[in-house]
Amino acid sequence: MSHEPRQRRGTGPEPAADGGQAYAIAGEGIEVTYSDGTRAVRGVDLHIPRGEFFGFLGPNGAGKTTTIKTLATLLSPTGGEVRVNGFDVSAEARKVRESIGYMAQETSVDPELTARENIRFSCEAYGVPRSERADRIDELLDLADLADVADKEADEFSGGMKKRLDAATALVHRPPLVFLDEPTTGLDPKARNRLWDYFRRINDQGTTVFLTTQYLEEADQLCDRLSVIAEGEIVATGSPDELKRRVGGEILDIELAGAEGVDAGSDGDGTDADAGPRERAATVARETDLFTNATVETTAEGLTVTAEDARAHGTDLLVALRDAGIGVTGFNIRAPTLDDVFLAITGEQLDEADEADEDAAAAEVTT
Amino acid sequence: MSTTGGGGSDGPAATDGGSAEGGASSELRSDGGTTAAATAAEGPTLERSANTFVGDVWTNFKRWNLKAVRNPFVLVVSLVQPIIFLVLFTQVFGNIAGRALPGGISYETYLVPAIAIQVSLAAAVTSGVGLVNDIEEGMFEKVLVSPMNRTAVFLGKTLAELLRIGIQICIILVLGVALGAEVATGVAGALGIVAVGVLFSLWFISFSNTLAVLTKDQESTIIAANLLQFPLLFLSSAFLPLEALPGWIQTVATLNPVTYGVDAARAIILDADVMTVIDVSLGYGAALDTIVPAVAVLGALDLVLGAVAVYMLSRATSSKVR
């Protein structure tokens, strides 16, 4: 799969390709098999260039958390080779730890310490030079929008505030790479948007971000490139737009005059006998050579045409329909959503209501 | 917990043990050209000073002390029960129990060493509870993913707990003296009692941490540790001389660590050889004939249970997939 690294936000010249160093993460055939035989990660390859905002998208239990824990040295891979910032995650775990930030799926802050003390603890844990600590703490409190509550105990914070504090503690040593494991799960939309801004700012400063999410919107909003993972295997990789194009292009929805009336009126009577406007319109759409590789389907309202050039030639179809004497009451051209992508690739619906299952799965993984 | 060697055994693959200190991180900056820090120059640079073992211990020591100050409830709770025992036992049983004692010793003086050991026991329980809370709050994992030395992490936490236990025993001693107890060996003796209490606490700290790792549950850890507390205290030389107790209790008491802790502390407060479970005469002089064997027994126990706790913790912190 050819995925040219997109240096979207001007993170400078592309690093020299000096054997793995161009990549923040380079993994080949990563395998993680638990002792009970569960193959949580099955031969995953990852090549993530520096500066990229990379997304790992998948349903519950797909292996996202296991993968991220493996990359962050919390789990040793049972197969394959992984280098993070140029260091082997098994043999050079300590060097990997020094060079990454990690934000776990479950919010991890000490509730008995203030925001400032939480960040200070991480500064000390990551060896931020003493002379720089005070400035770094203030800078991160600002970045996380917590400056006004800096000296309050984290126990009093809302879920969103705790998450922002957690993310701030992962950035104390200005790591070139930060891992975010489902960072917005369980947050309200407002808190989520604020966190997204925060992550964009981090990435704008040049930090490579590896994010796992089960929210398609989140991947779409944030990621330069993403991989879809299902049952421990990567099933698709590309930019959000590339992945959407894979669905077969853009979608033209057409509402037809009298389409609904036909259904109601022709009860019992074969619709084949007197072809309704939908069938006639579908015939027109199929027989026209306006589109390349078009898929035409009838819907309750009328017609849906999916084609790569649906946007370019959509209006021509409307003209053709009018010439055939078929009344059009409305139309809409839209790009496929990642939902369409996900359905097409995995046949599975991402369901936010299943968070509890994911949490349970993650808890098992932790033990 | 009491030994400093075994942490961070990260499974066969990882090399983050206690040996690879300091130098590792400074390499990141010094051998430019090939390392991550150098190639990341266009992005944020990795700015850090080397982690040191002592620095990591200090960082964690401070954190746990701060938590103790923030949550004085823990400190108070582990003091309340022993204080109630001290006051009630001396006031209610003082007259009767005093009769079982050799002449001239007040029950207050006799009981204070036992209460010091009780405090040590009660406070040691909170060590495992703290670990469970850390696991539940995600701080445990946060520490594991950091470059801190893992032995240093647990050592810092344990030292903070030992400091707290020392302070709590001091409070009990002051209270005991106020109630009429007499420390025959003076201030030096009082410090000796604190030292015995701290030494005694280590095996129970190890035990409660082992429980914490096994159960990963706060209530189970508290209940299991508390259930043990009373039998341990009563089936020992803590409250009455062993000669005054039934034979089976004398047998159990011989195997009970509390007996050795209490006897050592009591030998100091009375400046006398009070140990009856092991009859040794080392020729050191009266009190030392109790203190030396008792401390040796406690030290050995600390080493054994400490090794178990270190093993359990390094298993829990290992990145080996299970």
# chains A, B, ... in the order shown; residues from 1 in each chain; ligands from 1
>>> residues_around(residues="A:Lys69", least_positions_apart="2", cutoff="10 Å", atoms="only C-alpha atoms", output="PyMOL selection string")
(chain A and resi 64-67+71-77+102+104+179+181+365-366) or (chain B and resi 145+319)
>>> write_last_selection(atoms="all heavy atoms", output="compact mmCIF listing (two decimals), in the first residue's frame")
# COMPACT_ATOMS: atom_id res chain seq x y z
N LYS A 64 -6.55 -2.26 19.41
CA LYS A 64 -5.97 -0.92 19.44
C LYS A 64 -5.13 -0.70 20.70
O LYS A 64 -3.99 -0.27 20.63
CB LYS A 64 -7.07 0.16 19.41
CG LYS A 64 -7.97 0.12 18.19
CD LYS A 64 -8.85 1.36 18.13
CE LYS A 64 -9.83 1.50 19.29
NZ LYS A 64 -10.91 0.50 19.29
N THR A 65 -5.75 -0.99 21.85
CA THR A 65 -5.05 -0.72 23.10
C THR A 65 -3.83 -1.63 23.26
O THR A 65 -2.77 -1.20 23.71
CB THR A 65 -6.01 -0.89 24.29
OG1 THR A 65 -6.99 0.15 24.21
CG2 THR A 65 -5.30 -0.77 25.61
N THR A 66 -3.97 -2.89 22.86
CA THR A 66 -2.82 -3.81 22.94
C THR A 66 -1.67 -3.28 22.09
O THR A 66 -0.51 -3.29 22.51
CB THR A 66 -3.23 -5.21 22.48
OG1 THR A 66 -4.31 -5.67 23.29
CG2 THR A 66 -2.07 -6.19 22.61
N THR A 67 -2.00 -2.80 20.89
CA THR A 67 -0.95 -2.26 20.01
C THR A 67 -0.26 -1.06 20.65
O THR A 67 0.97 -0.98 20.69
CB THR A 67 -1.54 -1.85 18.65
OG1 THR A 67 -2.23 -2.96 18.10
CG2 THR A 67 -0.45 -1.41 17.70
N LEU A 71 3.67 -0.51 21.72
CA LEU A 71 4.54 0.57 21.22
C LEU A 71 5.13 1.38 22.37
O LEU A 71 6.22 1.91 22.27
CB LEU A 71 3.75 1.48 20.27
CG LEU A 71 3.23 0.81 19.00
CD1 LEU A 71 2.34 1.77 18.22
CD2 LEU A 71 4.39 0.34 18.13
N ALA A 72 4.37 1.47 23.47
CA ALA A 72 4.81 2.29 24.60
C ALA A 72 5.59 1.47 25.63
O ALA A 72 5.81 1.94 26.73
CB ALA A 72 3.60 2.96 25.26
N THR A 73 5.98 0.26 25.30
CA THR A 73 6.80 -0.66 26.12
C THR A 73 6.07 -1.27 27.31
O THR A 73 6.69 -1.92 28.14
CB THR A 73 8.09 -0.01 26.69
OG1 THR A 73 7.74 0.84 27.80
CG2 THR A 73 8.83 0.80 25.65
N LEU A 74 4.76 -1.08 27.41
CA LEU A 74 4.06 -1.70 28.54
C LEU A 74 3.84 -3.18 28.29
O LEU A 74 3.66 -3.96 29.24
CB LEU A 74 2.72 -0.99 28.79
CG LEU A 74 2.85 0.40 29.41
CD1 LEU A 74 1.53 1.15 29.36
CD2 LEU A 74 3.35 0.32 30.84
N LEU A 75 3.84 -3.59 27.05
CA LEU A 75 3.77 -5.01 26.69
C LEU A 75 4.89 -5.29 25.69
O LEU A 75 5.16 -4.48 24.81
CB LEU A 75 2.42 -5.33 26.03
CG LEU A 75 1.17 -5.29 26.88
CD1 LEU A 75 -0.06 -5.47 26.01
CD2 LEU A 75 1.21 -6.36 27.95
N SER A 76 5.53 -6.43 25.85
CA SER A 76 6.54 -6.82 24.87
C SER A 76 5.87 -7.60 23.75
O SER A 76 5.07 -8.49 24.03
CB SER A 76 7.60 -7.70 25.53
OG SER A 76 8.35 -6.95 26.43
N PRO A 77 6.17 -7.28 22.51
CA PRO A 77 5.57 -8.04 21.42
C PRO A 77 6.04 -9.49 21.47
O PRO A 77 7.18 -9.77 21.84
CB PRO A 77 6.09 -7.34 20.16
CG PRO A 77 7.30 -6.59 20.59
CD PRO A 77 7.09 -6.25 22.04
N TYR A 102 2.86 9.27 26.82
CA TYR A 102 1.81 8.25 26.73
C TYR A 102 0.63 8.66 27.57
O TYR A 102 0.77 8.98 28.75
CB TYR A 102 2.38 6.90 27.20
CG TYR A 102 1.35 5.81 27.43
CD1 TYR A 102 0.82 5.12 26.35
CD2 TYR A 102 0.93 5.47 28.72
CE1 TYR A 102 -0.11 4.10 26.55
CE2 TYR A 102 -0.01 4.46 28.92
CZ TYR A 102 -0.52 3.78 27.84
OH TYR A 102 -1.44 2.78 28.04
N ALA A 104 -2.87 7.14 28.74
CA ALA A 104 -3.64 5.90 28.77
C ALA A 104 -5.12 6.17 28.52
O ALA A 104 -5.60 7.29 28.64
CB ALA A 104 -3.45 5.20 30.11
N PHE A 179 1.62 9.16 22.42
CA PHE A 179 0.55 8.17 22.21
C PHE A 179 -0.70 8.60 22.96
O PHE A 179 -0.64 8.89 24.16
CB PHE A 179 0.98 6.80 22.73
CG PHE A 179 2.10 6.18 21.96
CD1 PHE A 179 3.41 6.28 22.41
CD2 PHE A 179 1.85 5.51 20.78
CE1 PHE A 179 4.46 5.72 21.69
CE2 PHE A 179 2.88 4.93 20.05
CZ PHE A 179 4.19 5.05 20.50
N ASP A 181 -4.40 7.11 23.78
CA ASP A 181 -5.26 5.94 23.65
C ASP A 181 -6.71 6.34 23.95
O ASP A 181 -7.06 6.58 25.10
CB ASP A 181 -4.79 4.84 24.61
CG ASP A 181 -5.45 3.50 24.31
OD1 ASP A 181 -6.23 3.43 23.34
OD2 ASP A 181 -5.18 2.53 25.04
N VAL A 365 -6.81 -6.36 29.36
CA VAL A 365 -5.50 -6.21 28.73
C VAL A 365 -4.48 -5.69 29.73
O VAL A 365 -3.32 -6.07 29.73
CB VAL A 365 -5.62 -5.24 27.53
CG1 VAL A 365 -4.25 -4.75 27.10
CG2 VAL A 365 -6.31 -5.95 26.38
N THR A 366 -4.97 -4.81 30.61
CA THR A 366 -4.05 -4.19 31.57
C THR A 366 -3.46 -5.20 32.53
O THR A 366 -2.33 -5.06 32.96
CB THR A 366 -4.81 -3.13 32.40
OG1 THR A 366 -5.62 -2.39 31.50
CG2 THR A 366 -3.84 -2.21 33.08
N VAL B 145 5.40 3.56 32.57
CA VAL B 145 5.73 3.98 31.21
C VAL B 145 6.77 5.10 31.22
O VAL B 145 7.28 5.49 30.20
CB VAL B 145 4.42 4.38 30.47
CG1 VAL B 145 4.07 5.83 30.72
CG2 VAL B 145 4.53 4.11 28.98
N SER B 319 6.58 -6.31 31.40
CA SER B 319 5.85 -6.10 30.15
C SER B 319 5.67 -7.40 29.39
O SER B 319 5.17 -7.42 28.28
CB SER B 319 6.60 -5.08 29.28
OG SER B 319 7.92 -5.47 29.11
>>> residues_around(residues="B:Leu228", least_positions_apart="5", cutoff="12 Å", atoms="only C-alpha atoms", output="PDB file with N, CA and C atoms, in the first residue's frame")
ATOM      1  N   GLN B 118       1.428  -2.136  67.378  1.00  0.00           N
ATOM      2  CA  GLN B 118       0.091  -2.120  66.774  1.00  0.00           C
ATOM      3  C   GLN B 118      -0.012  -1.005  65.729  1.00  0.00           C
ATOM      4  N   LEU B 121       1.723  -2.039  62.660  1.00  0.00           N
ATOM      5  CA  LEU B 121       0.912  -3.004  61.925  1.00  0.00           C
ATOM      6  C   LEU B 121      -0.212  -2.302  61.155  1.00  0.00           C
ATOM      7  N   ALA B 122      -0.929  -1.420  61.847  1.00  0.00           N
ATOM      8  CA  ALA B 122      -2.071  -0.737  61.237  1.00  0.00           C
ATOM      9  C   ALA B 122      -1.622   0.173  60.096  1.00  0.00           C
ATOM     10  N   VAL B 125      -0.647  -1.601  56.721  1.00  0.00           N
ATOM     11  CA  VAL B 125      -1.761  -2.003  55.856  1.00  0.00           C
ATOM     12  C   VAL B 125      -1.970  -0.973  54.747  1.00  0.00           C
ATOM     13  N   PHE B 204       5.130  -6.506  57.267  1.00  0.00           N
ATOM     14  CA  PHE B 204       3.691  -6.352  57.017  1.00  0.00           C
ATOM     15  C   PHE B 204       3.443  -5.437  55.812  1.00  0.00           C
ATOM     16  N   PHE B 207       3.818  -7.743  53.046  1.00  0.00           N
ATOM     17  CA  PHE B 207       2.640  -8.591  52.989  1.00  0.00           C
ATOM     18  C   PHE B 207       1.450  -7.854  52.368  1.00  0.00           C
ATOM     19  N   SER B 208       1.230  -6.608  52.794  1.00  0.00           N
ATOM     20  CA  SER B 208       0.059  -5.892  52.271  1.00  0.00           C
ATOM     21  C   SER B 208       0.245  -5.535  50.793  1.00  0.00           C
ATOM     22  N   THR B 221      -7.903  -6.015  50.214  1.00  0.00           N
ATOM     23  CA  THR B 221      -6.605  -5.777  50.850  1.00  0.00           C
ATOM     24  C   THR B 221      -6.800  -5.321  52.289  1.00  0.00           C
ATOM     25  N   ILE B 222      -7.734  -4.377  52.487  1.00  0.00           N
ATOM     26  CA  ILE B 222      -7.960  -3.867  53.842  1.00  0.00           C
ATOM     27  C   ILE B 222      -8.508  -4.964  54.742  1.00  0.00           C
ATOM     28  N   ILE B 223      -9.503  -5.682  54.227  1.00  0.00           N
ATOM     29  CA  ILE B 223     -10.153  -6.697  55.055  1.00  0.00           C
ATOM     30  C   ILE B 223      -9.167  -7.795  55.437  1.00  0.00           C
ATOM     31  N   LEU B 233      -2.159  -9.658  67.262  1.00  0.00           N
ATOM     32  CA  LEU B 233      -1.884  -8.896  68.473  1.00  0.00           C
ATOM     33  C   LEU B 233      -2.181  -9.707  69.732  1.00  0.00           C
ATOM     34  N   PHE B 234      -3.334 -10.374  69.730  1.00  0.00           N
ATOM     35  CA  PHE B 234      -3.745 -11.028  70.968  1.00  0.00           C
ATOM     36  C   PHE B 234      -2.993 -12.335  71.211  1.00  0.00           C
ATOM     37  N   LEU B 235      -2.601 -13.007  70.122  1.00  0.00           N
ATOM     38  CA  LEU B 235      -1.871 -14.257  70.288  1.00  0.00           C
ATOM     39  C   LEU B 235      -0.372 -13.981  70.328  1.00  0.00           C
ATOM     40  N   ASN B 256       4.815 -16.052  66.243  1.00  0.00           N
ATOM     41  CA  ASN B 256       4.162 -14.811  65.839  1.00  0.00           C
ATOM     42  C   ASN B 256       5.168 -13.660  65.810  1.00  0.00           C
ATOM     43  N   VAL B 258       4.736 -10.605  65.930  1.00  0.00           N
ATOM     44  CA  VAL B 258       4.402  -9.533  66.863  1.00  0.00           C
ATOM     45  C   VAL B 258       5.152  -9.725  68.184  1.00  0.00           C
TER      46      VAL B 258
END
>>> closest_residue(among="A:Arg200, A:Arg136, A:Lys152, A:Arg94", to="chain B", atoms="only C-alpha atoms")
A:Arg94
>>> closest_atom_pairs(of="chain A", to="chain B", cutoff="7 Å", atoms="only C-alpha atoms", output="CSV")
residue,atom,partner,partner_atom,distance
A:Thr11,CA,B:Gly43,CA,6.6
A:Gly12,CA,B:Glu42,CA,6.0
A:Pro15,CA,B:Thr39,CA,6.9
A:Gln21,CA,B:Ala36,CA,6.9
A:Tyr34,CA,B:Arg322,CA,5.2
A:Ser35,CA,B:Arg322,CA,4.8
A:Ala72,CA,B:Val145,CA,6.9
A:Thr73,CA,B:Ser319,CA,6.8
A:Leu74,CA,B:Ser319,CA,5.0
A:Leu75,CA,B:Ser319,CA,4.2
A:Ser76,CA,B:Ser319,CA,5.4
A:Asn85,CA,B:Ala36,CA,5.2
A:Gly86,CA,B:Ala36,CA,5.9
A:Ser90,CA,B:Ala14,CA,4.9
A:Ala91,CA,B:Ala14,CA,5.1
A:Glu92,CA,B:Thr15,CA,6.5
A:Ala93,CA,B:Ala14,CA,6.0
A:Arg94,CA,B:Pro147,CA,5.6
A:Lys95,CA,B:Ser25,CA,6.9
A:Arg97,CA,B:Pro147,CA,5.2
A:Glu98,CA,B:Pro147,CA,5.3
A:Ser99,CA,B:Leu46,CA,6.9
A:Glu106,CA,B:Gly138,CA,6.7
A:Thr107,CA,B:Gly138,CA,6.8
A:Ser108,CA,B:Gly138,CA,4.5
A:Val109,CA,B:Met139,CA,6.3
A:Asp110,CA,B:Met139,CA,6.5
A:Glu112,CA,B:Lys67,CA,5.9
A:Leu113,CA,B:Lys67,CA,6.9
A:Phe121,CA,B:Thr59,CA,6.9
A:Glu124,CA,B:Thr59,CA,6.4
A:Ala125,CA,B:Met148,CA,5.9
A:Tyr126,CA,B:Pro147,CA,6.4
A:Gly127,CA,B:Ser49,CA,4.9
A:Val128,CA,B:Arg48,CA,4.7
A:Pro129,CA,B:Ser49,CA,5.5
A:His173,CA,B:Glu47,CA,6.0
A:Arg174,CA,B:Leu46,CA,5.9
A:Pro175,CA,B:Leu46,CA,5.8
A:Pro176,CA,B:Pro44,CA,5.7
A:Gln205,CA,B:Gly43,CA,6.9
A:Gly206,CA,B:Gly43,CA,4.5
A:Thr207,CA,B:Gly43,CA,6.3
>>> write_last_selection(atoms="N, CA and C atoms", output="tab-separated table (two decimals), in the first residue's frame")
chain	number	residue	atom	x	y	z
A	11	THR	N	6.18	20.79	9.00
A	11	THR	CA	7.09	20.39	10.06
A	11	THR	C	8.52	20.31	9.54
A	12	GLY	N	8.80	21.09	8.52
A	12	GLY	CA	10.17	21.16	8.04
A	12	GLY	C	10.45	20.11	6.99
A	15	PRO	N	12.77	14.12	7.00
A	15	PRO	CA	14.03	13.64	7.54
A	15	PRO	C	14.70	12.68	6.55
A	21	GLN	N	15.17	5.93	10.81
A	21	GLN	CA	15.12	7.19	11.53
A	21	GLN	C	14.11	8.16	10.94
A	34	TYR	N	-1.65	-13.46	23.83
A	34	TYR	CA	-1.72	-13.65	25.27
A	34	TYR	C	-1.58	-15.13	25.61
A	35	SER	N	-1.28	-15.38	26.87
A	35	SER	CA	-0.99	-16.76	27.26
A	35	SER	C	-2.21	-17.67	27.12
A	72	ALA	N	4.37	1.47	23.47
A	72	ALA	CA	4.81	2.29	24.60
A	72	ALA	C	5.59	1.47	25.63
A	73	THR	N	5.98	0.26	25.30
A	73	THR	CA	6.80	-0.66	26.12
A	73	THR	C	6.07	-1.27	27.31
A	74	LEU	N	4.76	-1.08	27.41
A	74	LEU	CA	4.06	-1.70	28.54
A	74	LEU	C	3.84	-3.18	28.29
A	75	LEU	N	3.84	-3.59	27.05
A	75	LEU	CA	3.77	-5.01	26.69
A	75	LEU	C	4.89	-5.29	25.69
A	76	SER	N	5.53	-6.43	25.85
A	76	SER	CA	6.54	-6.82	24.87
A	76	SER	C	5.87	-7.60	23.75
A	85	ASN	N	11.08	5.76	17.76
A	85	ASN	CA	12.13	6.78	17.76
A	85	ASN	C	13.50	6.15	17.56
A	86	GLY	N	13.53	5.08	16.80
A	86	GLY	CA	14.79	4.44	16.49
A	86	GLY	C	15.25	3.39	17.49
A	90	SER	N	11.69	-3.70	22.91
A	90	SER	CA	12.01	-4.71	23.91
A	90	SER	C	13.40	-4.51	24.48
A	91	ALA	N	14.39	-4.39	23.61
A	91	ALA	CA	15.78	-4.34	24.06
A	91	ALA	C	16.18	-2.96	24.60
A	92	GLU	N	15.51	-1.93	24.13
A	92	GLU	CA	15.87	-0.57	24.56
A	92	GLU	C	14.66	0.15	25.14
A	93	ALA	N	13.95	-0.59	25.99
A	93	ALA	CA	12.68	-0.08	26.52
A	93	ALA	C	12.86	1.27	27.22
A	94	ARG	N	13.94	1.36	27.97
A	94	ARG	CA	14.14	2.58	28.74
A	94	ARG	C	14.32	3.80	27.84
A	95	LYS	N	15.06	3.61	26.75
A	95	LYS	CA	15.27	4.72	25.83
A	95	LYS	C	13.97	5.10	25.12
A	97	ARG	N	11.04	4.80	26.51
A	97	ARG	CA	10.26	5.51	27.53
A	97	ARG	C	10.70	6.95	27.68
A	98	GLU	N	11.99	7.17	27.56
A	98	GLU	CA	12.50	8.54	27.69
A	98	GLU	C	12.02	9.43	26.55
A	99	SER	N	11.72	8.81	25.41
A	99	SER	CA	11.50	9.61	24.21
A	99	SER	C	10.03	9.69	23.78
A	106	GLU	N	-7.64	5.08	30.34
A	106	GLU	CA	-8.25	5.52	31.58
A	106	GLU	C	-7.48	6.75	32.06
A	107	THR	N	-8.21	7.79	32.43
A	107	THR	CA	-7.54	9.01	32.88
A	107	THR	C	-6.61	8.70	34.04
A	108	SER	N	-5.37	9.13	33.92
A	108	SER	CA	-4.37	8.81	34.94
A	108	SER	C	-3.79	10.07	35.54
A	109	VAL	N	-4.44	10.57	36.57
A	109	VAL	CA	-3.87	11.68	37.33
A	109	VAL	C	-3.99	11.32	38.80
A	110	ASP	N	-3.11	11.91	39.61
A	110	ASP	CA	-3.20	11.66	41.05
A	110	ASP	C	-4.22	12.64	41.63
A	112	GLU	N	-5.09	13.35	44.52
A	112	GLU	CA	-4.73	14.05	45.76
A	112	GLU	C	-3.71	15.16	45.53
A	113	LEU	N	-3.18	15.21	44.32
A	113	LEU	CA	-2.24	16.28	44.00
A	113	LEU	C	-2.94	17.35	43.18
A	121	PHE	N	5.40	16.36	39.15
A	121	PHE	CA	5.82	14.96	39.34
A	121	PHE	C	6.30	14.38	38.01
A	124	GLU	N	9.68	15.66	36.99
A	124	GLU	CA	10.76	14.98	37.70
A	124	GLU	C	10.94	13.56	37.16
A	125	ALA	N	9.82	12.90	36.90
A	125	ALA	CA	9.89	11.52	36.40
A	125	ALA	C	10.59	11.46	35.05
A	126	TYR	N	10.43	12.52	34.24
A	126	TYR	CA	11.01	12.52	32.90
A	126	TYR	C	12.28	13.35	32.81
A	127	GLY	N	12.81	13.76	33.96
A	127	GLY	CA	14.10	14.42	33.96
A	127	GLY	C	14.12	15.78	33.28
A	128	VAL	N	13.03	16.53	33.41
A	128	VAL	CA	13.07	17.90	32.89
A	128	VAL	C	14.06	18.69	33.77
A	129	PRO	N	15.03	19.35	33.15
A	129	PRO	CA	16.04	20.05	33.96
A	129	PRO	C	15.40	20.99	34.97
A	173	HIS	N	8.32	16.52	28.82
A	173	HIS	CA	9.69	16.47	28.30
A	173	HIS	C	9.73	16.77	26.81
A	174	ARG	N	8.65	17.37	26.30
A	174	ARG	CA	8.55	17.68	24.87
A	174	ARG	C	8.92	16.49	24.02
A	175	PRO	N	8.22	15.38	24.19
A	175	PRO	CA	8.57	14.17	23.44
A	175	PRO	C	8.29	14.38	21.97
A	176	PRO	N	9.13	13.83	21.09
A	176	PRO	CA	8.86	13.94	19.65
A	176	PRO	C	7.67	13.08	19.22
A	205	GLN	N	3.09	21.88	16.66
A	205	GLN	CA	4.45	22.15	17.17
A	205	GLN	C	5.45	21.11	16.69
A	206	GLY	N	4.97	20.15	15.89
A	206	GLY	CA	5.89	19.18	15.30
A	206	GLY	C	5.88	17.81	15.93
A	207	THR	N	5.07	17.62	16.98
A	207	THR	CA	5.03	16.33	17.65
A	207	THR	C	4.26	15.31	16.82
>>> closest_residue(among="B:Ala181, B:Leu242, B:Ala296, B:Leu202", to="B:Leu101", atoms="only C-alpha atoms")
B:Leu242
>>> closest_residue(among="B:Val54, B:Ser127, B:Asn226, B:Phe200", to="B:Gln81", atoms="only C-alpha atoms")
B:Asn226
>>> closest_residue(among="B:Leu179, B:Val194, B:Ala225, B:Leu288", to="B:Ser106", atoms="only C-alpha atoms")
B:Leu179
>>> atom_distance(atom1="atom CA of A:Pro111", atom2="atom CA of A:Asp197")
24.6 Å
>>> select_by_dssp(residues="stretch 12-253 of chain A", states="strand (DSSP E or B)", output="JSON, numbers by chain")
{"A": [23, 24, 25, 26, 27, 28, 29, 30, 31, 32, 33, 39, 40, 41, 42, 43, 44, 45, 46, 47, 48, 49, 53, 54, 55, 56, 57, 79, 80, 81, 82, 83, 84, 87, 88, 100, 101, 102, 103, 114, 153, 177, 178, 179, 180, 181, 208, 209, 210, 211, 212, 213, 225, 226, 227, 228, 229, 230, 233, 234, 235, 236, 237, 238, 250, 251, 252, 253]}
>>> residues_around(residues="B:Met312", least_positions_apart="3", cutoff="8 Å", atoms="only C-alpha atoms", output="PyMOL selection string")
chain B and resi 210+213+308-309+315-316
>>> write_last_selection(atoms="N, CA, C and O atoms", output="short mmCIF file (atom, residue, chain, number, x, y, z; two decimals), in the first residue's frame")
data_model
loop_
_atom_site.label_atom_id
_atom_site.label_comp_id
_atom_site.auth_asym_id
_atom_site.auth_seq_id
_atom_site.Cartn_x
_atom_site.Cartn_y
_atom_site.Cartn_z
N THR B 210 1.92 -7.45 48.68
CA THR B 210 1.70 -8.72 47.98
C THR B 210 0.19 -8.95 47.82
O THR B 210 -0.28 -9.31 46.74
N VAL B 213 -1.17 -6.65 45.08
CA VAL B 213 -0.90 -7.10 43.73
C VAL B 213 -1.78 -8.30 43.38
O VAL B 213 -2.27 -8.42 42.25
N VAL B 308 9.43 -11.80 48.51
CA VAL B 308 8.17 -12.20 47.88
C VAL B 308 7.49 -10.98 47.25
O VAL B 308 7.03 -11.01 46.10
N ALA B 309 7.45 -9.87 48.02
CA ALA B 309 6.79 -8.66 47.51
C ALA B 309 7.51 -8.13 46.28
O ALA B 309 6.87 -7.74 45.30
N ARG B 315 6.74 -8.93 38.83
CA ARG B 315 5.84 -9.66 37.93
C ARG B 315 4.73 -8.74 37.43
O ARG B 315 4.40 -8.73 36.25
N ALA B 316 4.19 -7.94 38.37
CA ALA B 316 3.09 -7.04 38.01
C ALA B 316 3.55 -5.92 37.08
O ALA B 316 2.76 -5.38 36.32
#
>>> atom_distance(atom1="atom CA of B:Val112", atom2="atom CA of B:Leu173")
6.9 Å
>>> residues_around(residues="stretch 39-41 of chain A", least_positions_apart="5", cutoff="8 Å", atoms="only C-alpha atoms", output="count of residues only")
12
>>> select_by_dssp(residues="stretch 182-290 of chain B", states="alpha helix (DSSP H)", output="VMD selection string")
chain B and resid 186 to 215 218 to 234 247 to 255 257 to 270 286 to 290
>>> closest_residue(among="B:Ala238, B:Leu191, B:Ile165, B:Ile205", to="B:Leu86", atoms="only C-alpha atoms")
B:Ala238
>>> residues_around(residues="B:Val277", least_positions_apart="3", cutoff="9 Å", atoms="only C-alpha atoms", output="PyMOL selection string")
chain B and resi 242+250-251+253-255+259-260
>>> write_last_selection(atoms="N, CA and C atoms", output="PDB file, in the first residue's frame")
ATOM      1  N   LEU B 242       3.383 -13.883  78.654  1.00  0.00           N
ATOM      2  CA  LEU B 242       2.967 -15.164  78.089  1.00  0.00           C
ATOM      3  C   LEU B 242       2.667 -16.202  79.167  1.00  0.00           C
ATOM      4  N   GLN B 250       0.771 -19.644  73.981  1.00  0.00           N
ATOM      5  CA  GLN B 250       2.224 -19.530  74.100  1.00  0.00           C
ATOM      6  C   GLN B 250       2.916 -20.129  72.884  1.00  0.00           C
ATOM      7  N   THR B 251       2.352 -21.264  72.405  1.00  0.00           N
ATOM      8  CA  THR B 251       2.931 -21.915  71.224  1.00  0.00           C
ATOM      9  C   THR B 251       2.798 -21.020  69.995  1.00  0.00           C
ATOM     10  N   ALA B 253       2.336 -17.851  69.932  1.00  0.00           N
ATOM     11  CA  ALA B 253       3.100 -16.620  70.142  1.00  0.00           C
ATOM     12  C   ALA B 253       4.563 -16.800  69.754  1.00  0.00           C
ATOM     13  N   THR B 254       5.054 -18.022  69.941  1.00  0.00           N
ATOM     14  CA  THR B 254       6.451 -18.289  69.586  1.00  0.00           C
ATOM     15  C   THR B 254       6.682 -18.084  68.091  1.00  0.00           C
ATOM     16  N   LEU B 255       5.623 -18.373  67.307  1.00  0.00           N
ATOM     17  CA  LEU B 255       5.741 -18.270  65.853  1.00  0.00           C
ATOM     18  C   LEU B 255       5.254 -16.918  65.325  1.00  0.00           C
ATOM     19  N   THR B 259       5.264 -10.977  68.630  1.00  0.00           N
ATOM     20  CA  THR B 259       5.972 -11.260  69.879  1.00  0.00           C
ATOM     21  C   THR B 259       7.392 -10.695  69.848  1.00  0.00           C
ATOM     22  N   TYR B 260       8.068 -10.891  68.707  1.00  0.00           N
ATOM     23  CA  TYR B 260       9.458 -10.442  68.610  1.00  0.00           C
ATOM     24  C   TYR B 260       9.549  -8.922  68.551  1.00  0.00           C
TER      25      TYR B 260
END
